[in-house]
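Novice: Before anything else, here's the structure in question.
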Amino acid sequence: MTTLISRIVSQHVRRLLALVLGGLLFLPTIAFAQSTWLDPARPQGVSVELFKPDFNQLSDNTFFSGAYIVSGRVAATPALKIMADLPIVHYGVDG
């Protein structure tokens, strides 16, 4: 025979377990193509990353085909930093 307190505790434990297991689904995985981070010691900065794939089999792609990421950070207050990434992807074909 279960008491009211043990039923309430078991409901809370089940809810907590469901939240923990659900939260595990949203954990980040290892990303080998991760963008570089700006230096956290500097309050502001700009970074430009260029990714140029190797298109050996395709001879008609344009020179500007690739991925570009412009990142920036500025300190709005000593405790608040605003960060932004602007990814740009282009694939062009001659002809």
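Following the order of the structure tokens, chains are lettered A, B, ..., residues in each are numbered from 1, and ligands are numbered from 1.
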Hey, what's within 9 Å of range 56-71 of chain A if we count only C-alpha atoms and toss same-chain stuff fewer than 4 positions away? As a PyMOL selection string, please?
Specialist: chain A and resi 35+37-38+45-52+83-95
Novice: Using only N, CA and C atoms, please write the residues we just selected to a file, as a PDB file, in the first residue's frame.
Specialist:
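Saved to result22.pdb:
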```
ATOM      1  N   SER A  35      32.789  26.205 -36.757  1.00  0.00           N
ATOM      2  CA  SER A  35      33.434  27.487 -36.986  1.00  0.00           C
ATOM      3  C   SER A  35      34.359  27.827 -35.833  1.00  0.00           C
ATOM      4  N   TRP A  37      35.863  30.143 -32.908  1.00  0.00           N
ATOM      5  CA  TRP A  37      35.272  31.118 -32.000  1.00  0.00           C
ATOM      6  C   TRP A  37      36.167  32.335 -31.929  1.00  0.00           C
ATOM      7  N   LEU A  38      35.563  33.482 -31.721  1.00  0.00           N
ATOM      8  CA  LEU A  38      36.346  34.687 -31.489  1.00  0.00           C
ATOM      9  C   LEU A  38      36.994  34.604 -30.115  1.00  0.00           C
ATOM     10  N   GLY A  45      35.527  42.146 -31.906  1.00  0.00           N
ATOM     11  CA  GLY A  45      36.376  41.587 -32.940  1.00  0.00           C
ATOM     12  C   GLY A  45      35.564  41.159 -34.144  1.00  0.00           C
ATOM     13  N   VAL A  46      36.268  40.932 -35.244  1.00  0.00           N
ATOM     14  CA  VAL A  46      35.651  40.491 -36.493  1.00  0.00           C
ATOM     15  C   VAL A  46      36.489  39.338 -37.030  1.00  0.00           C
ATOM     16  N   SER A  47      35.834  38.353 -37.590  1.00  0.00           N
ATOM     17  CA  SER A  47      36.515  37.193 -38.157  1.00  0.00           C
ATOM     18  C   SER A  47      35.859  36.844 -39.484  1.00  0.00           C
ATOM     19  N   VAL A  48      36.660  36.453 -40.447  1.00  0.00           N
ATOM     20  CA  VAL A  48      36.155  36.007 -41.748  1.00  0.00           C
ATOM     21  C   VAL A  48      36.760  34.634 -42.016  1.00  0.00           C
ATOM     22  N   GLU A  49      35.898  33.657 -42.287  1.00  0.00           N
ATOM     23  CA  GLU A  49      36.348  32.307 -42.604  1.00  0.00           C
ATOM     24  C   GLU A  49      35.974  31.991 -44.043  1.00  0.00           C
ATOM     25  N   LEU A  50      36.894  31.387 -44.755  1.00  0.00           N
ATOM     26  CA  LEU A  50      36.668  31.006 -46.145  1.00  0.00           C
ATOM     27  C   LEU A  50      36.830  29.494 -46.263  1.00  0.00           C
ATOM     28  N   PHE A  51      35.850  28.853 -46.849  1.00  0.00           N
ATOM     29  CA  PHE A  51      35.894  27.407 -47.073  1.00  0.00           C
ATOM     30  C   PHE A  51      35.779  27.166 -48.564  1.00  0.00           C
ATOM     31  N   LYS A  52      36.822  26.609 -49.141  1.00  0.00           N
ATOM     32  CA  LYS A  52      36.856  26.357 -50.572  1.00  0.00           C
ATOM     33  C   LYS A  52      36.910  24.852 -50.784  1.00  0.00           C
ATOM     34  N   MET A  83      26.937  38.961 -30.302  1.00  0.00           N
ATOM     35  CA  MET A  83      27.703  38.192 -31.279  1.00  0.00           C
ATOM     36  C   MET A  83      26.798  37.827 -32.443  1.00  0.00           C
ATOM     37  N   ALA A  84      27.368  37.801 -33.643  1.00  0.00           N
ATOM     38  CA  ALA A  84      26.579  37.450 -34.824  1.00  0.00           C
ATOM     39  C   ALA A  84      27.472  36.729 -35.832  1.00  0.00           C
ATOM     40  N   ASP A  85      26.875  35.783 -36.536  1.00  0.00           N
ATOM     41  CA  ASP A  85      27.527  35.085 -37.648  1.00  0.00           C
ATOM     42  C   ASP A  85      26.670  35.272 -38.886  1.00  0.00           C
ATOM     43  N   LEU A  86      27.312  35.550 -40.005  1.00  0.00           N
ATOM     44  CA  LEU A  86      26.604  35.667 -41.272  1.00  0.00           C
ATOM     45  C   LEU A  86      27.205  34.648 -42.235  1.00  0.00           C
ATOM     46  N   PRO A  87      26.554  33.481 -42.387  1.00  0.00           N
ATOM     47  CA  PRO A  87      27.078  32.483 -43.325  1.00  0.00           C
ATOM     48  C   PRO A  87      26.615  32.788 -44.746  1.00  0.00           C
ATOM     49  N   ILE A  88      27.533  32.687 -45.694  1.00  0.00           N
ATOM     50  CA  ILE A  88      27.222  32.932 -47.102  1.00  0.00           C
ATOM     51  C   ILE A  88      27.756  31.726 -47.877  1.00  0.00           C
ATOM     52  N   VAL A  89      26.904  31.105 -48.670  1.00  0.00           N
ATOM     53  CA  VAL A  89      27.303  29.965 -49.461  1.00  0.00           C
ATOM     54  C   VAL A  89      26.985  30.280 -50.923  1.00  0.00           C
ATOM     55  N   HIS A  90      27.944  30.010 -51.792  1.00  0.00           N
ATOM     56  CA  HIS A  90      27.731  30.277 -53.219  1.00  0.00           C
ATOM     57  C   HIS A  90      28.313  29.135 -54.042  1.00  0.00           C
ATOM     58  N   TYR A  91      27.534  28.713 -55.007  1.00  0.00           N
ATOM     59  CA  TYR A  91      28.054  27.745 -55.988  1.00  0.00           C
ATOM     60  C   TYR A  91      27.644  28.244 -57.361  1.00  0.00           C
ATOM     61  N   GLY A  92      28.606  28.580 -58.142  1.00  0.00           N
ATOM     62  CA  GLY A  92      28.347  29.081 -59.488  1.00  0.00           C
ATOM     63  C   GLY A  92      28.897  28.139 -60.542  1.00  0.00           C
ATOM     64  N   VAL A  93      28.211  28.086 -61.665  1.00  0.00           N
ATOM     65  CA  VAL A  93      28.615  27.209 -62.777  1.00  0.00           C
ATOM     66  C   VAL A  93      28.768  28.071 -64.016  1.00  0.00           C
ATOM     67  N   ASP A  94      29.861  27.917 -64.714  1.00  0.00           N
ATOM     68  CA  ASP A  94      30.054  28.634 -65.986  1.00  0.00           C
ATOM     69  C   ASP A  94      29.160  28.021 -67.055  1.00  0.00           C
ATOM     70  N   GLY A  95      28.612  28.878 -67.860  1.00  0.00           N
ATOM     71  CA  GLY A  95      27.821  28.404 -68.985  1.00  0.00           C
ATOM     72  C   GLY A  95      26.456  28.171 -68.662  1.00  0.00           C
TER      73      GLY A  95
END
```
Novice: At what distance in Å, to one decimal, does CA of Thr3 in chain A lie from CA of Leu16 in chain A?
Specialist: 20.1 Å
